[in-house]
Amino acid sequence: MPDLYIGLMSGTSIDGIDAALVSFENSTTQLVDFFYQPFDEELKVIIHKFSQAQSSITLTEYGVLDTRLGHLFADTVNNLLLTAKIAPSTIKAIGSHGQTIHHCPDLATPFSLQIGDPNIIAEKTGITTVADFRRRDIACGGQGAPLVPAFHQKIFSDFNLNRCIVNIGGIANITVLPALKTAPATIIGFDTGPGNTLMDQWIQQHQKIGFDKNGSWAKTGNIQYELIKRLKQDPYFLTPPPKSTGKEYFSLDWLQKYITDKHYPAENIQASLCYLTAITICEAIQKYAPKTEEVLLCGGGTHNQYLKTLIEANLNCKIASTLTYGIHPDHVEAIAFAWLARQTIHNLPGNLKEVTGANHPAVLGGIYQA
C-alpha cells in the first residue's frame, strides 16, 4: 500500500488553506499533488476578528467558526483527492494544523489554540486525521512552536553546508541546520518576529487591499531608521530563544505604541515594516548562526521582491528558494504537516525540544480515526 499522507496548513497570513498530498515511500519525501483553497472575504474578516489580541467573541461564534472551518478543511481534502484522482482509502492520515486564533506560550498558564474541527475532517473525508499538534508540546513545557524545524532537519540538512531555513509567513521563523559533518550539533529554531503580518495589516488599513504585492508600495517609501531602532527595543526581539509569537502580539496596536508621537507618511511606515521583517531575520541569523553559508527561503514572503532584496543586502551568504532543492516555497509547511502526521501515526516525536524548549521529545497531536 502506498505511504501517502495529506498535510493541511492555514497560517497566520489568513489567506487560505494549503493541502499537500505527499508520498513517503522508500525513505523519500515526494509531493504528489497540491491544492489551494482561498478564504472568501467574509471568512477572512471573521478569522481576523477572532485573532485580535483583545477580541471579544461568544462561545456560539467560536463553535460556529470551528465547525465551519472543519467543513472547509474537509472539502479542501476532497477537492485535492479529486484533482489527484486518488481514492481516500489509499491515504494513511491527514495532518491538519488548523487555523491559529491565539498563541500565548508565555502566560503563567500558556496555551495555543488552533481550530477547524478534526472530527468533521475525519468524518467527511473518511481518512484518519491528526490534529492539535501544538498543545502537547506546551504540555511538555515547550512553546508549541515552531514545529517545522524537525521537518527542515529531515529534508534540508546537508553534509558540508551550514544552512539556515527562513520561513516567512505572517510570522517569520528560522531553522539553523549545521553541516552534518560537524555532528552532533544542536538544531536551533525560533520565531524571529513579524513576517508579513504587520505589512499586511498596514496596507489593509490604508489601501484596503490584502497584501503588498512584490513590496511595491513599501518600495515607494523611505525607511525610518530611528523608528526601526525603537521597534527593535521591544522585549520580544531582545529575548533569547526558545521563543515563538503570533499576530496577537505583533498587531497594529503594538505598532501604534511606537509611532504615537510622530507622524509618518503611510508608505514610509510600510517601507519600515518591510525592513523590520528583513533586519530581524538577518540579525537573528548573524547572532545565532554566524557560520551560515546558505539561506533557503520559503513561505509567502518569498514572493515579496523588495523584502528579498533587503534580506540579500543584509546577509553575506548565498540566498536561494527551497525550490532549488525540489520543494516549492509555498508547499513546505503543508508537506511538513503531512510528515508530522506520519510521525504521530508511527508513534514518533514531532518536536525538537531544543527548538521549542520542551522538557523532552513528544508524539504530537490527537488521532481522530476514520
# chains A, B, ... in the order shown; residues from 1 in each chain; ligands from 1
>>> residues_around(residues="A:Leu323", least_positions_apart="6", cutoff="12 Å", atoms="only C-alpha atoms", output="PyMOL selection string")
chain A and resi 156+296-299+302+329-332
>>> residues_around(residues="A:Lys219", least_positions_apart="2", cutoff="9 Å", atoms="only C-alpha atoms", output="PyMOL selection string")
chain A and resi 214-217+221-222+267-268+270-271+274+306
>>> write_last_selection(atoms="N, CA and C atoms", output="PDB file, in the first residue's frame")
ATOM      1  N   ASN A 214       4.760  42.115  -4.239  1.00  0.00           N
ATOM      2  CA  ASN A 214       6.165  42.380  -4.559  1.00  0.00           C
ATOM      3  C   ASN A 214       6.794  43.476  -3.696  1.00  0.00           C
ATOM      4  N   GLY A 215       6.080  43.912  -2.648  1.00  0.00           N
ATOM      5  CA  GLY A 215       6.590  45.021  -1.837  1.00  0.00           C
ATOM      6  C   GLY A 215       6.576  46.337  -2.593  1.00  0.00           C
ATOM      7  N   SER A 216       5.695  46.442  -3.586  1.00  0.00           N
ATOM      8  CA  SER A 216       5.698  47.621  -4.468  1.00  0.00           C
ATOM      9  C   SER A 216       5.408  48.909  -3.718  1.00  0.00           C
ATOM     10  N   TRP A 217       4.442  48.866  -2.785  1.00  0.00           N
ATOM     11  CA  TRP A 217       4.119  50.083  -2.032  1.00  0.00           C
ATOM     12  C   TRP A 217       5.251  50.411  -1.061  1.00  0.00           C
ATOM     13  N   GLY A 221       8.290  54.061  -0.299  1.00  0.00           N
ATOM     14  CA  GLY A 221       8.502  54.807   0.938  1.00  0.00           C
ATOM     15  C   GLY A 221       9.961  54.887   1.329  1.00  0.00           C
ATOM     16  N   ASN A 222      10.219  55.665   2.338  1.00  0.00           N
ATOM     17  CA  ASN A 222      11.563  55.804   2.897  1.00  0.00           C
ATOM     18  C   ASN A 222      11.616  55.117   4.253  1.00  0.00           C
ATOM     19  N   GLU A 267       3.323  55.318   3.457  1.00  0.00           N
ATOM     20  CA  GLU A 267       4.248  54.495   2.681  1.00  0.00           C
ATOM     21  C   GLU A 267       5.601  54.347   3.389  1.00  0.00           C
ATOM     22  N   ASN A 268       5.962  55.338   4.212  1.00  0.00           N
ATOM     23  CA  ASN A 268       7.209  55.214   4.979  1.00  0.00           C
ATOM     24  C   ASN A 268       7.086  54.164   6.080  1.00  0.00           C
ATOM     25  N   GLN A 270       5.138  51.531   5.778  1.00  0.00           N
ATOM     26  CA  GLN A 270       5.180  50.249   5.067  1.00  0.00           C
ATOM     27  C   GLN A 270       6.617  49.856   4.732  1.00  0.00           C
ATOM     28  N   ALA A 271       7.398  50.815   4.272  1.00  0.00           N
ATOM     29  CA  ALA A 271       8.806  50.547   3.976  1.00  0.00           C
ATOM     30  C   ALA A 271       9.543  50.108   5.236  1.00  0.00           C
ATOM     31  N   CYS A 274       8.602  46.526   6.265  1.00  0.00           N
ATOM     32  CA  CYS A 274       9.290  45.559   5.406  1.00  0.00           C
ATOM     33  C   CYS A 274      10.742  45.396   5.871  1.00  0.00           C
ATOM     34  N   TYR A 306      10.834  43.071  -2.857  1.00  0.00           N
ATOM     35  CA  TYR A 306      11.544  44.100  -2.098  1.00  0.00           C
ATOM     36  C   TYR A 306      12.084  43.531  -0.788  1.00  0.00           C
TER      37      TYR A 306
END
>>> closest_residue(among="A:Thr76, A:Thr239, A:Ser51, A:Ser157", to="A:Asp18", atoms="only C-alpha atoms")
A:Thr76
>>> atom_distance(atom1="atom CA of A:Asp132", atom2="atom CA of A:Tyr36")
21.1 Å
>>> residues_around(residues="stretch 110-119 of chain A", least_positions_apart="3", cutoff="7 Å", atoms="only C-alpha atoms", output="list in words")
Asp66, Thr67, Leu69, Gly70, Gly98, Gln99, Thr100, Ile101, His102, His103, Cys104, Pro105, Asp106, Leu107, Ala122, Glu123, Thr129, Ala131, Asp132, Arg134, Arg135, Ile138 and Tyr368 of chain A
